[in-house]
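Q: Got a file for you: structure01.cif, mmCIF, C-alpha atoms and all ligand atoms.
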```
data_entry
#
loop_
_atom_site.label_atom_id
_atom_site.label_comp_id
_atom_site.auth_asym_id
_atom_site.auth_seq_id
_atom_site.Cartn_x
_atom_site.Cartn_y
_atom_site.Cartn_z
CA MET A 952 63.46 -60.41 15.36
CA ALA A 953 65.61 -58.78 18.06
CA ALA A 954 69.15 -57.63 17.22
CA THR A 955 71.99 -56.63 19.49
CA ASN A 956 73.80 -53.33 18.99
CA THR A 957 77.44 -52.53 19.80
CA ALA A 958 76.69 -51.48 23.35
CA GLY A 959 74.88 -54.76 23.89
CA GLY A 960 71.48 -53.07 24.00
CA HIS A 961 68.44 -54.73 22.54
CA LEU A 962 67.18 -53.35 19.25
CA SER A 963 63.85 -55.08 19.20
CA ALA A 964 61.44 -54.75 16.29
CA VAL A 965 58.64 -54.31 18.84
CA GLN A 966 60.12 -51.26 20.55
CA THR A 967 57.79 -48.28 20.85
CA PRO A 968 59.03 -44.94 19.42
CA GLU A 969 59.82 -43.81 23.03
CA GLU A 970 61.84 -46.95 23.63
CA GLN A 971 63.70 -46.51 20.37
CA ALA A 972 64.57 -42.94 21.30
CA GLY A 973 65.66 -44.17 24.74
CA GLN A 974 67.77 -46.90 23.20
CA GLU A 975 69.45 -44.44 20.84
CA TYR A 976 70.20 -42.08 23.70
CA PHE A 977 71.55 -44.96 25.80
CA ASP A 978 73.80 -46.19 22.98
CA ARG A 979 75.13 -42.69 22.39
CA VAL A 980 75.90 -42.16 26.09
CA ILE A 981 77.75 -45.48 26.29
CA ALA A 982 79.66 -44.79 23.04
CA GLU A 983 80.68 -41.35 24.36
CA ASP A 984 81.76 -42.94 27.63
CA SER A 985 79.37 -40.69 29.50
CA ARG A 986 76.87 -41.49 32.26
CA ILE A 987 73.42 -43.00 32.50
CA GLU A 988 71.29 -41.52 35.30
CA PRO A 989 68.32 -43.09 37.13
CA ARG A 990 65.57 -41.42 35.05
CA ASP A 991 67.19 -42.31 31.71
CA TRP A 992 65.87 -45.17 29.63
CA MET A 993 68.07 -48.25 29.93
CA PRO A 994 67.91 -51.81 28.59
CA GLU A 995 66.41 -54.28 31.06
CA GLY A 996 69.64 -56.32 30.97
CA TYR A 997 71.69 -53.28 31.97
CA ARG A 998 69.35 -52.56 34.90
CA LYS A 999 69.40 -56.21 36.02
CA THR A 1000 73.18 -56.50 35.81
CA LEU A 1001 73.60 -53.37 37.89
CA VAL A 1002 71.08 -54.41 40.54
CA ARG A 1003 72.87 -57.76 40.78
CA GLN A 1004 76.39 -56.34 41.01
CA VAL A 1005 75.63 -53.31 43.17
CA SER A 1006 73.47 -55.23 45.64
CA GLN A 1007 75.99 -58.08 45.89
CA HIS A 1008 78.61 -55.48 46.56
CA ALA A 1009 76.41 -53.93 49.28
CA HIS A 1010 75.80 -57.35 50.86
CA SER A 1011 79.57 -57.97 50.84
CA GLU A 1012 80.18 -54.78 52.76
CA ILE A 1013 77.59 -55.71 55.37
CA ILE A 1014 78.68 -59.35 55.77
CA GLY A 1015 82.30 -58.14 55.61
CA MET A 1016 81.79 -56.37 58.94
CA GLN A 1017 81.62 -59.73 60.76
CA PRO A 1018 85.20 -61.09 60.58
CA GLU A 1019 86.60 -57.77 61.83
CA ALA A 1020 83.89 -57.00 64.37
CA ASN A 1021 84.96 -60.29 65.91
CA TRP A 1022 88.27 -58.63 66.89
CA ILE A 1023 87.05 -55.29 68.25
CA THR A 1024 86.92 -56.51 71.84
CA ARG A 1025 90.32 -58.20 71.51
CA ALA A 1026 92.28 -55.45 69.75
CA PRO A 1027 95.67 -55.11 71.49
CA SER A 1028 95.33 -51.42 72.47
CA LEU A 1029 92.74 -48.66 72.81
CA LYS A 1030 94.12 -47.01 69.67
CA ARG A 1031 93.82 -50.21 67.64
CA LYS A 1032 90.29 -50.73 68.97
CA ALA A 1033 89.24 -47.21 67.96
CA ILE A 1034 90.72 -47.63 64.47
CA LEU A 1035 89.08 -51.01 63.95
CA MET A 1036 85.70 -49.71 65.13
CA ALA A 1037 85.95 -46.81 62.69
CA LYS A 1038 86.81 -49.21 59.87
CA VAL A 1039 83.89 -51.52 60.61
CA GLN A 1040 81.56 -48.50 60.75
CA ASP A 1041 82.90 -47.41 57.36
CA GLU A 1042 81.91 -50.80 55.92
CA ALA A 1043 78.35 -50.26 57.18
CA GLY A 1044 78.40 -46.86 55.45
CA HIS A 1045 79.61 -48.40 52.20
CA GLY A 1046 76.74 -50.88 52.37
CA LEU A 1047 74.30 -47.99 52.79
CA TYR A 1048 75.67 -45.94 49.86
CA LEU A 1049 75.49 -49.04 47.68
CA TYR A 1050 71.96 -50.05 48.73
CA SER A 1051 70.91 -46.47 47.95
CA ALA A 1052 72.56 -46.65 44.51
CA ALA A 1053 70.82 -50.00 43.85
CA GLU A 1054 67.45 -48.55 44.95
CA THR A 1055 67.69 -45.86 42.24
CA LEU A 1056 67.35 -48.75 39.76
CA GLY A 1057 63.89 -49.52 41.11
CA THR A 1058 64.38 -52.45 43.50
CA PRO A 1059 63.51 -51.47 47.09
CA ARG A 1060 65.98 -52.06 49.88
CA HIS A 1061 63.78 -54.56 51.73
CA VAL A 1062 63.65 -56.73 48.59
CA LEU A 1063 67.44 -56.65 48.26
CA ASN A 1064 67.77 -57.47 51.92
CA GLN A 1065 65.35 -60.37 51.55
CA GLN A 1066 67.47 -61.74 48.69
CA LEU A 1067 70.47 -61.78 51.02
CA LEU A 1068 68.63 -63.28 54.00
CA SER A 1069 67.02 -66.01 51.89
CA GLY A 1070 70.43 -67.01 50.51
CA LYS A 1071 69.42 -66.10 46.93
CA ALA A 1072 71.93 -63.25 46.57
CA LYS A 1073 75.66 -63.78 46.62
CA TYR A 1074 78.24 -61.84 48.61
CA SER A 1075 82.03 -61.91 48.27
CA SER A 1076 83.64 -65.31 48.82
CA ILE A 1077 86.37 -63.77 50.98
CA PHE A 1078 84.07 -63.18 53.96
CA ASN A 1079 83.46 -66.88 54.41
CA TYR A 1080 86.93 -67.37 55.86
CA PRO A 1081 87.57 -67.03 59.60
CA ALA A 1082 89.72 -64.29 61.18
CA ARG A 1083 91.76 -66.43 63.56
CA THR A 1084 94.40 -64.06 64.97
CA TRP A 1085 95.05 -60.35 65.37
CA ALA A 1086 97.41 -60.59 62.39
CA ASP A 1087 94.36 -61.45 60.27
CA MET A 1088 93.20 -57.85 60.79
CA GLY A 1089 96.45 -56.84 59.10
CA ALA A 1090 96.10 -59.37 56.27
CA ILE A 1091 92.46 -58.41 55.68
CA GLY A 1092 93.36 -54.71 55.56
CA TRP A 1093 96.39 -55.15 53.34
CA LEU A 1094 95.23 -57.94 51.00
CA VAL A 1095 91.41 -57.86 51.11
CA ASP A 1096 91.02 -54.09 51.13
CA GLY A 1097 93.94 -53.88 48.70
CA ALA A 1098 92.14 -56.22 46.30
CA ALA A 1099 88.94 -54.25 46.86
CA ILE A 1100 90.71 -51.02 45.84
CA ALA A 1101 92.25 -52.61 42.73
CA ASN A 1102 88.80 -53.89 41.74
CA GLN A 1103 86.86 -50.77 42.72
CA VAL A 1104 88.95 -47.82 41.47
CA PRO A 1105 87.91 -48.58 37.86
CA LEU A 1106 84.29 -48.82 39.07
CA CYS A 1107 84.45 -45.08 39.93
CA ARG A 1108 84.10 -44.66 36.15
CA ALA A 1109 81.17 -47.09 35.86
CA SER A 1110 78.63 -45.83 33.33
CA TYR A 1111 75.80 -45.76 35.88
CA GLY A 1112 76.10 -42.39 37.68
CA PRO A 1113 74.93 -43.27 41.22
CA TYR A 1114 77.19 -46.35 41.33
CA GLY A 1115 80.28 -44.51 40.08
CA ARG A 1116 79.74 -41.65 42.52
CA ALA A 1117 79.26 -44.01 45.47
CA MET A 1118 82.49 -45.77 44.50
CA VAL A 1119 84.53 -42.54 44.63
CA ARG A 1120 83.82 -42.09 48.31
CA ILE A 1121 84.18 -45.80 49.08
CA CYS A 1122 87.61 -45.95 47.45
CA LYS A 1123 88.87 -43.00 49.49
CA GLU A 1124 87.90 -44.79 52.68
CA GLU A 1125 89.28 -48.12 51.46
CA SER A 1126 92.74 -46.66 51.01
CA PHE A 1127 92.78 -45.70 54.70
CA HIS A 1128 91.68 -49.27 55.49
CA GLN A 1129 94.50 -50.73 53.47
CA ARG A 1130 97.03 -48.51 55.23
CA GLN A 1131 95.86 -49.64 58.65
CA GLY A 1132 96.22 -53.29 57.58
CA TRP A 1133 99.69 -52.64 56.24
CA GLU A 1134 100.68 -50.94 59.48
CA ILE A 1135 99.47 -53.86 61.62
CA LEU A 1136 101.46 -56.33 59.49
CA PHE A 1137 104.55 -54.08 59.42
CA GLU A 1138 104.58 -53.83 63.20
CA LEU A 1139 104.12 -57.59 63.65
CA SER A 1140 106.70 -58.50 61.01
CA HIS A 1141 109.23 -56.27 62.78
CA GLY A 1142 108.32 -57.62 66.22
CA THR A 1143 109.26 -60.88 67.95
CA PRO A 1144 109.79 -64.06 65.88
CA ALA A 1145 106.39 -65.30 67.10
CA GLN A 1146 104.71 -62.07 65.95
CA LYS A 1147 106.41 -62.28 62.57
CA GLN A 1148 105.25 -65.88 62.23
CA MET A 1149 101.70 -64.84 63.10
CA ALA A 1150 101.83 -62.20 60.32
CA GLN A 1151 103.20 -64.75 57.84
CA ASP A 1152 100.50 -67.30 58.73
CA ALA A 1153 97.79 -64.71 58.16
CA VAL A 1154 99.22 -63.77 54.75
CA ASN A 1155 99.50 -67.47 53.87
CA ARG A 1156 95.81 -67.98 54.62
CA PHE A 1157 94.43 -64.84 52.95
CA TYR A 1158 96.59 -64.65 49.80
CA GLY A 1159 94.67 -67.20 47.64
CA PRO A 1160 91.16 -66.14 48.74
CA ALA A 1161 92.09 -62.44 48.19
CA LEU A 1162 93.12 -63.21 44.60
CA GLN A 1163 89.81 -65.01 44.09
CA MET A 1164 87.90 -61.85 45.04
CA PHE A 1165 88.42 -60.68 41.43
CA GLY A 1166 86.08 -63.43 40.27
CA PRO A 1167 86.55 -66.53 38.09
CA PRO A 1168 89.10 -66.61 35.24
CA ASP A 1169 88.01 -64.65 32.16
CA ASP A 1170 87.06 -67.73 30.13
CA ASP A 1171 84.76 -68.78 32.97
CA SER A 1172 83.22 -65.35 33.64
CA PRO A 1173 79.78 -65.24 32.02
CA ASN A 1174 79.04 -61.61 32.89
CA SER A 1175 82.30 -59.82 32.04
CA ARG A 1176 81.95 -59.30 28.31
CA GLN A 1177 78.57 -57.62 28.46
CA SER A 1178 79.46 -55.61 31.57
CA MET A 1179 82.55 -54.31 29.81
CA ALA A 1180 80.56 -53.45 26.65
CA TRP A 1181 78.24 -51.39 28.88
CA ASN A 1182 81.22 -49.66 30.59
CA ILE A 1183 80.22 -51.03 33.98
CA LYS A 1184 83.38 -53.11 34.33
CA ARG A 1185 86.45 -51.49 32.76
CA PHE A 1186 88.87 -54.39 33.03
CA SER A 1187 88.44 -58.15 33.05
CA ASN A 1188 88.76 -60.26 36.20
CA ASP A 1189 92.18 -61.61 35.12
CA GLU A 1190 93.50 -58.16 34.17
CA LEU A 1191 92.69 -56.78 37.61
CA ARG A 1192 94.05 -59.88 39.37
CA GLN A 1193 97.35 -59.46 37.49
CA ARG A 1194 97.50 -55.78 38.35
CA PHE A 1195 96.99 -56.64 42.02
CA VAL A 1196 99.70 -59.34 42.04
CA ASP A 1197 102.16 -56.90 40.41
CA MET A 1198 101.34 -54.39 43.12
CA ILE A 1199 101.65 -56.64 46.17
CA VAL A 1200 104.90 -58.45 45.34
CA PRO A 1201 107.13 -55.43 46.15
CA GLN A 1202 104.88 -54.55 49.08
CA ALA A 1203 105.38 -58.05 50.56
CA GLU A 1204 109.15 -57.57 50.21
CA ALA A 1205 108.92 -54.25 52.05
CA LEU A 1206 106.97 -56.01 54.81
CA GLY A 1207 109.62 -58.73 55.05
CA LEU A 1208 106.96 -61.38 54.37
CA THR A 1209 106.63 -63.93 51.57
CA LEU A 1210 103.66 -64.71 49.36
CA PRO A 1211 102.72 -68.42 49.47
CA ASP A 1212 103.14 -69.23 45.79
CA PRO A 1213 106.19 -71.17 44.52
CA ASP A 1214 105.31 -70.21 40.92
CA LEU A 1215 105.45 -66.49 41.60
CA LYS A 1216 108.22 -64.94 39.50
CA TRP A 1217 108.90 -61.93 37.32
CA ASN A 1218 108.33 -62.53 33.62
CA GLU A 1219 110.59 -60.15 31.70
CA GLU A 1220 108.82 -60.78 28.41
CA ARG A 1221 105.33 -60.04 29.73
CA GLY A 1222 106.46 -57.30 32.08
CA HIS A 1223 104.35 -58.90 34.82
CA TYR A 1224 104.67 -61.46 37.59
CA ASP A 1225 103.64 -64.99 36.70
CA PHE A 1226 101.69 -66.72 39.44
CA GLY A 1227 100.34 -70.20 40.12
CA GLU A 1228 96.84 -71.51 39.39
CA LEU A 1229 94.35 -70.72 42.14
CA ASP A 1230 92.12 -73.37 43.69
CA TRP A 1231 88.97 -72.75 41.65
CA ASN A 1232 87.21 -75.79 43.09
CA GLU A 1233 87.51 -74.24 46.51
CA PHE A 1234 86.16 -70.94 45.11
CA LYS A 1235 83.13 -72.68 43.59
CA SER A 1236 82.46 -74.53 46.80
CA VAL A 1237 82.65 -71.31 48.87
CA ILE A 1238 80.24 -69.41 46.62
CA ALA A 1239 77.93 -72.44 46.67
CA GLY A 1240 77.64 -71.95 50.45
CA LYS A 1241 80.14 -74.56 51.60
CA GLY A 1242 82.99 -72.35 52.81
CA PRO A 1243 84.28 -72.53 56.39
CA CYS A 1244 82.01 -69.72 57.69
CA ASN A 1245 79.04 -69.40 55.29
CA VAL A 1246 76.51 -70.83 57.74
CA GLN A 1247 77.78 -68.74 60.65
CA ARG A 1248 77.85 -65.51 58.60
CA MET A 1249 74.24 -65.95 57.47
CA GLN A 1250 73.03 -66.93 60.94
CA ARG A 1251 74.59 -63.76 62.40
CA ARG A 1252 73.10 -61.58 59.67
CA ARG A 1253 69.60 -63.01 60.19
CA GLN A 1254 69.93 -62.59 63.92
CA ALA A 1255 71.12 -58.97 63.53
CA HIS A 1256 68.17 -58.29 61.22
CA GLU A 1257 65.71 -59.69 63.78
CA ASN A 1258 67.37 -57.77 66.61
CA GLY A 1259 66.98 -54.57 64.60
CA ALA A 1260 63.22 -55.02 64.08
CA TRP A 1261 62.33 -52.62 66.91
CA VAL A 1262 64.51 -49.88 65.39
CA ARG A 1263 62.76 -50.20 62.03
CA GLU A 1264 59.36 -50.19 63.73
CA ALA A 1265 60.26 -47.15 65.85
CA ALA A 1266 61.56 -45.27 62.79
CA ALA A 1267 58.40 -46.10 60.82
CA GLU A 1268 56.20 -44.98 63.73
CA TYR A 1269 58.17 -41.74 64.12
CA ALA A 1270 57.80 -41.04 60.38
CA ARG A 1271 54.05 -41.73 60.62
CA LYS A 1272 53.64 -39.31 63.58
CA GLU A 1273 55.70 -36.62 61.82
CA ALA A 1274 53.57 -36.95 58.68
CA ALA A 1275 50.35 -36.79 60.74
CA ALA A 1276 51.60 -33.67 62.60
CA GLN A 1277 52.56 -32.05 59.31
CA GLN A 1278 49.14 -32.80 57.87
CA THR A 1279 47.42 -31.26 60.94
CA ALA A 1280 49.60 -28.16 60.60
CA ASP A 1281 48.83 -27.89 56.85
CA THR A 1282 45.07 -28.25 57.51
CA ALA A 1283 45.23 -25.54 60.21
CA LEU A 1284 47.08 -23.25 57.78
CA ILE A 1285 44.46 -23.74 55.07
CA GLY A 1286 41.68 -23.13 57.63
CA ALA A 1287 43.32 -19.91 58.94
N1 LIG A 1301 82.58 -64.01 45.48
O1 LIG A 1301 80.76 -63.44 35.53
P1 LIG A 1301 81.49 -63.09 36.78
C1 LIG A 1301 84.91 -55.37 49.93
C2 LIG A 1301 80.08 -64.60 41.08
S1 LIG A 1301 83.49 -55.97 49.31
C3 LIG A 1301 81.32 -64.43 45.28
O2 LIG A 1301 82.93 -62.77 36.66
P2 LIG A 1301 80.88 -60.35 37.45
C4 LIG A 1301 85.13 -55.23 51.36
C5 LIG A 1301 79.40 -63.50 40.28
O3 LIG A 1301 78.58 -62.71 41.12
C6 LIG A 1301 84.02 -57.01 47.96
N2 LIG A 1301 80.77 -64.51 44.05
O4 LIG A 1301 80.69 -61.92 37.53
C7 LIG A 1301 84.06 -55.19 52.25
C8 LIG A 1301 78.64 -64.32 39.26
O5 LIG A 1301 77.49 -64.90 39.87
P3 LIG A 1301 75.96 -64.40 39.48
C9 LIG A 1301 82.97 -57.12 46.94
C10 LIG A 1301 81.55 -64.15 43.01
O6 LIG A 1301 79.78 -59.73 38.23
C11 LIG A 1301 84.28 -55.14 53.62
C12 LIG A 1301 79.56 -65.50 39.00
O7 LIG A 1301 80.42 -65.59 40.13
N3 LIG A 1301 83.29 -56.33 45.79
O8 LIG A 1301 85.72 -55.16 49.11
O9 LIG A 1301 81.07 -59.89 36.07
C13 LIG A 1301 85.59 -55.13 54.09
C14 LIG A 1301 80.38 -65.34 37.74
O10 LIG A 1301 81.32 -64.25 37.86
C15 LIG A 1301 82.85 -63.68 43.17
C16 LIG A 1301 82.43 -56.16 44.81
O11 LIG A 1301 81.34 -56.65 44.85
C17 LIG A 1301 83.37 -63.63 44.47
N4 LIG A 1301 84.62 -63.22 44.71
O12 LIG A 1301 82.27 -60.10 38.21
C18 LIG A 1301 86.64 -55.13 53.20
C19 LIG A 1301 82.90 -55.29 43.66
N5 LIG A 1301 83.35 -63.41 41.95
O13 LIG A 1301 75.79 -63.03 40.09
C20 LIG A 1301 86.43 -55.19 51.84
C21 LIG A 1301 81.89 -55.15 42.58
C22 LIG A 1301 82.39 -63.69 41.07
O14 LIG A 1301 75.92 -64.32 37.97
N6 LIG A 1301 81.70 -56.36 41.83
N7 LIG A 1301 81.31 -64.14 41.70
O15 LIG A 1301 75.08 -65.43 40.10
C23 LIG A 1301 82.48 -56.72 40.79
O16 LIG A 1301 83.44 -56.07 40.42
C24 LIG A 1301 82.07 -57.97 40.03
O17 LIG A 1301 80.74 -58.28 40.38
C25 LIG A 1301 82.99 -59.19 40.34
C26 LIG A 1301 82.41 -60.41 39.57
C27 LIG A 1301 84.39 -58.92 39.83
C28 LIG A 1301 83.02 -59.53 41.82
#
```
Translate this file's structure into structure tokens.

A:
Amino acid sequence: MAATNTAGGHLSAVQTPEEQAGQEYFDRVIAEDSRIEPRDWMPEGYRKTLVRQVSQHAHSEIIGMQPEANWITRAPSLKRKAILMAKVQDEAGHGLYLYSAAETLGTPRHVLNQQLLSGKAKYSSIFNYPARTWADMGAIGWLVDGAAIANQVPLCRASYGPYGRAMVRICKEESFHQRQGWEILFELSHGTPAQKQMAQDAVNRFYGPALQMFGPPDDDSPNSRQSMAWNIKRFSNDELRQRFVDMIVPQAEALGLTLPDPDLKWNEERGHYDFGELDWNEFKSVIAGKGPCNVQRMQRRRQAHENGAWVREAAAEYARKEAAAQQTADTALIGA
């Protein structure tokens, strides 16, 4: 009969001596709050959870390029265009670090990619909303990247080494992204009344979906408990959401903008801001594929994948030729 240990690992009666030793090492590393590395033994559930979370995160970065790429050609100045292009390129980089981290767990990149293209794998709900105006670039930077930072800074300490290390670099770049969003909104909110209104509209549209990025409420989050026991997640979805709300309320005041929640108010007793219930039916519908842009986002991704086929073929052919040339050189060396 299988039993579960404190770290959520599986102490099965049928474990081989090697597996038992691996399990003991794993449990010790988790208890010491240290790191598991790719060659270490790990429970299947731990590996699966990480592949799921890390690859979904990678897919989010890649799909997340679309709403902003949509504004590169319409950015209001050369400087803004250059900054936005750099940001979108950073998202591609984040996707690559994360796919690489996921690959160290044994699932090849093309399989992960296939899971995205077939619609089997999820990506963040937030990227299924349209970016309607230039102010949305500000709201995405400030709120979406802000939420991403609040969620991802604790992931720098995730127990799986390659994931935690990838997150360190990602978080550094995300803080620049958030600053650029803040700056766009600050300029608009201190511009003409029409510009200020445009900034307010963008914040009104992105506030709720940004808060939903942290995932469902804790009592409706099937994965949190185990992920926290394994030191993958350090805080629950609701804890991080609260932390984010507490952070953005004074920032909104500094921007001269309001957050669209009549229930938002300081709670002296809790030492936190109270905030209203989010629309969880909308959240469920978006992650079920029925958000405003799900179909468009997936169509674009599939099209981009097909358009990139010649690059993959050329790279594979180049690698084949290099390997053949190397083999010829090695043979010549042996013969000499
Ligand atoms: N959207 O048990 P739960 C970025 C799913 S990229 C869609 O709480 P977990 C950025 C969840 O996957 C932002 N699905 O799950 C990029 C699970 O379904 P499955 C992405 C969501 O894993 C470009 C089910 O709901 N960030 O920041 O413990 C430009 C139950 O949830 C969402 C990351 O991926 C959602 N919002 O916690 C700018 C960070 N929320 O898989 C910015 C890493 C939940 O069981 N990921 N689901 O079928 C995490 O921290 C965690 O995976 C989550 C969810 C907090 C997201």

Q: Smallest atom-to-atom distance to ligand LIG 1301 (chain A): which of A:Lys1030, A:Lys1241, A:Arg1083, A:His1141, using only C-alpha atoms and all ligand atoms?

A: A:Lys1241

Q: How many Å lie between atom CA of A:Ala1026 and atom CA of A:Thr1209, rounded to one decimal?

A: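 Here the two named atoms are 24.7 Å from each other.
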
Q: Taking (94.2, -62.1, 37.3) as a centre in this file's frame and 9 Å as the limit, can you find every polymer residue with an atom that close, using all atoms listed in the file, and give them as a ChimeraX atom specification?

A: /A:1162-1163,1165-1169,1187-1196

Q: Within 7 Å of ligand LIG 1301 (chain A), counting all atoms listed in the file, which protein or nucleic acid residues do you find, written as a PyMOL selection string?

A: chain A and resi 1003-1005+1007-1008+1011-1013+1015-1016+1042+1073-1077+1095-1096+1099+1102-1103+1163-1167+1172-1175+1178+1184+1188+1238

Q: For stretch 1246-1258 of chain A, I'd like the enclosing box, axis-aligned and padded by 6 Å on every side, reported as JSON with centre and edge lengths in Å to one decimal.

A:
```
{"center_x": 71.8, "center_y": -64.3, "center_z": 62.0, "size_x": 24.1, "size_y": 25.1, "size_z": 21.1}
```

Q: Please compute the atom CA of A:Arg1253-atom CA of A:Ala1153 distance, one decimal, in Å.

A: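 Result for atom CA of A:Arg1253 versus atom CA of A:Ala1153: 28.3 Å, one decimal.
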
Q: Using Å and a single decimal, report how far atom CA of A:Glu1125 sits from atom CA of A:Trp1181.

A: 25.3 Å

Q: Restricting the calculation to all atoms listed in the file, which member of A:His1061, A:Arg1252, A:His1010, A:Arg998 is positioned closest to A:Tyr1048?

A: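 Going through A:His1061, A:Arg1252, A:His1010, A:Arg998 one by one, the smallest distance to A:Tyr1048 is for A:His1010.
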
Q: Here is a test: counting only C-alpha atoms, which residue of A:Leu1136, A:Val1262, A:Ile1121, A:Ala982 is nearest to A:Ala1205?

A: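 Smallest distance to A:Ala1205 is found for A:Leu1136.
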
Q: Between A:Arg1108, A:Arg1130, A:Arg990, A:Arg1156, which has the minimum distance to A:Asp1087 (counting all atoms listed in the file)?

A: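 Using all atoms listed in the file, A:Asp1087 sits closest to A:Arg1156.
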
Q: Given the choices A:Val1200, A:Phe1137, A:Gly1070, A:Leu1035, which gets closest to A:Val1246 if the distance is worked out from all atoms listed in the file?

A: A:Gly1070

Q: Counting all atoms listed in the file, which residue out of A:Glu1220, A:Ala1052, A:Asp1041, A:Leu1139 sits closest to A:Arg1116?

A: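 Checking each of A:Glu1220, A:Ala1052, A:Asp1041, A:Leu1139 against A:Arg1116, counting all atoms listed in the file, the winner is A:Ala1052.
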
Q: Using only C-alpha atoms, what does the table of stretch 1082-1173 of chain A residues within 12 Å of stretch 1211-1219 of chain A look like, with each row giving the shortest atom pair and its distance in Å to one decimal, sorted by chain and ascending number, as a Markdown table?

A:
```
| residue | atom | partner | partner_atom | distance |
| --- | --- | --- | --- | --- |
| A:Gln1151 | CA | A:Pro1211 | CA | 9.2 |
| A:Asp1152 | CA | A:Pro1211 | CA | 9.6 |
| A:Ala1153 | CA | A:Pro1211 | CA | 10.7 |
| A:Val1154 | CA | A:Pro1211 | CA | 7.9 |
| A:Asn1155 | CA | A:Pro1211 | CA | 5.5 |
| A:Arg1156 | CA | A:Pro1211 | CA | 8.6 |
| A:Phe1157 | CA | A:Pro1211 | CA | 9.7 |
| A:Tyr1158 | CA | A:Pro1211 | CA | 7.2 |
| A:Gly1159 | CA | A:Pro1211 | CA | 8.3 |
| A:Pro1160 | CA | A:Pro1211 | CA | 11.8 |
| A:Leu1162 | CA | A:Asp1212 | CA | 11.7 |
```

Q: Could you add the missing atoms to stretch 1176-1191 of chain A, up to N, CA and C atoms, and return them as a compact mmCIF listing (two decimals), in the coordinates of the input?

A:
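That gives us selection.txt:
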```txt
# COMPACT_ATOMS: atom_id res chain seq x y z
N ARG A 1176 81.95 -59.90 29.65
CA ARG A 1176 81.95 -59.30 28.31
C ARG A 1176 80.88 -58.22 28.17
N GLN A 1177 79.67 -58.58 28.59
CA GLN A 1177 78.57 -57.62 28.46
C GLN A 1177 78.78 -56.43 29.41
N SER A 1178 79.24 -56.72 30.62
CA SER A 1178 79.46 -55.61 31.57
C SER A 1178 80.52 -54.65 31.07
N MET A 1179 81.51 -55.19 30.36
CA MET A 1179 82.55 -54.31 29.81
C MET A 1179 82.01 -53.52 28.61
N ALA A 1180 81.15 -54.16 27.79
CA ALA A 1180 80.56 -53.45 26.65
C ALA A 1180 79.69 -52.29 27.14
N TRP A 1181 79.09 -52.44 28.31
CA TRP A 1181 78.24 -51.39 28.88
C TRP A 1181 79.05 -50.41 29.74
N ASN A 1182 80.35 -50.53 29.77
CA ASN A 1182 81.22 -49.66 30.59
C ASN A 1182 80.87 -49.71 32.08
N ILE A 1183 80.40 -50.87 32.53
CA ILE A 1183 80.22 -51.03 33.98
C ILE A 1183 81.56 -51.51 34.51
N LYS A 1184 82.02 -52.64 34.02
CA LYS A 1184 83.38 -53.11 34.33
C LYS A 1184 84.33 -52.52 33.27
N ARG A 1185 85.49 -52.08 33.71
CA ARG A 1185 86.45 -51.49 32.76
C ARG A 1185 87.57 -52.45 32.40
N PHE A 1186 87.81 -53.41 33.27
CA PHE A 1186 88.87 -54.39 33.03
C PHE A 1186 88.31 -55.77 33.37
N SER A 1187 88.92 -56.80 32.78
CA SER A 1187 88.44 -58.15 33.05
C SER A 1187 88.94 -58.62 34.41
N ASN A 1188 88.37 -59.71 34.89
CA ASN A 1188 88.76 -60.26 36.20
C ASN A 1188 90.26 -60.58 36.23
N ASP A 1189 90.76 -61.22 35.15
CA ASP A 1189 92.18 -61.61 35.12
C ASP A 1189 93.09 -60.38 35.02
N GLU A 1190 92.66 -59.37 34.28
CA GLU A 1190 93.50 -58.16 34.17
C GLU A 1190 93.69 -57.52 35.54
N LEU A 1191 92.59 -57.43 36.29
CA LEU A 1191 92.69 -56.78 37.61
C LEU A 1191 93.48 -57.64 38.59
```
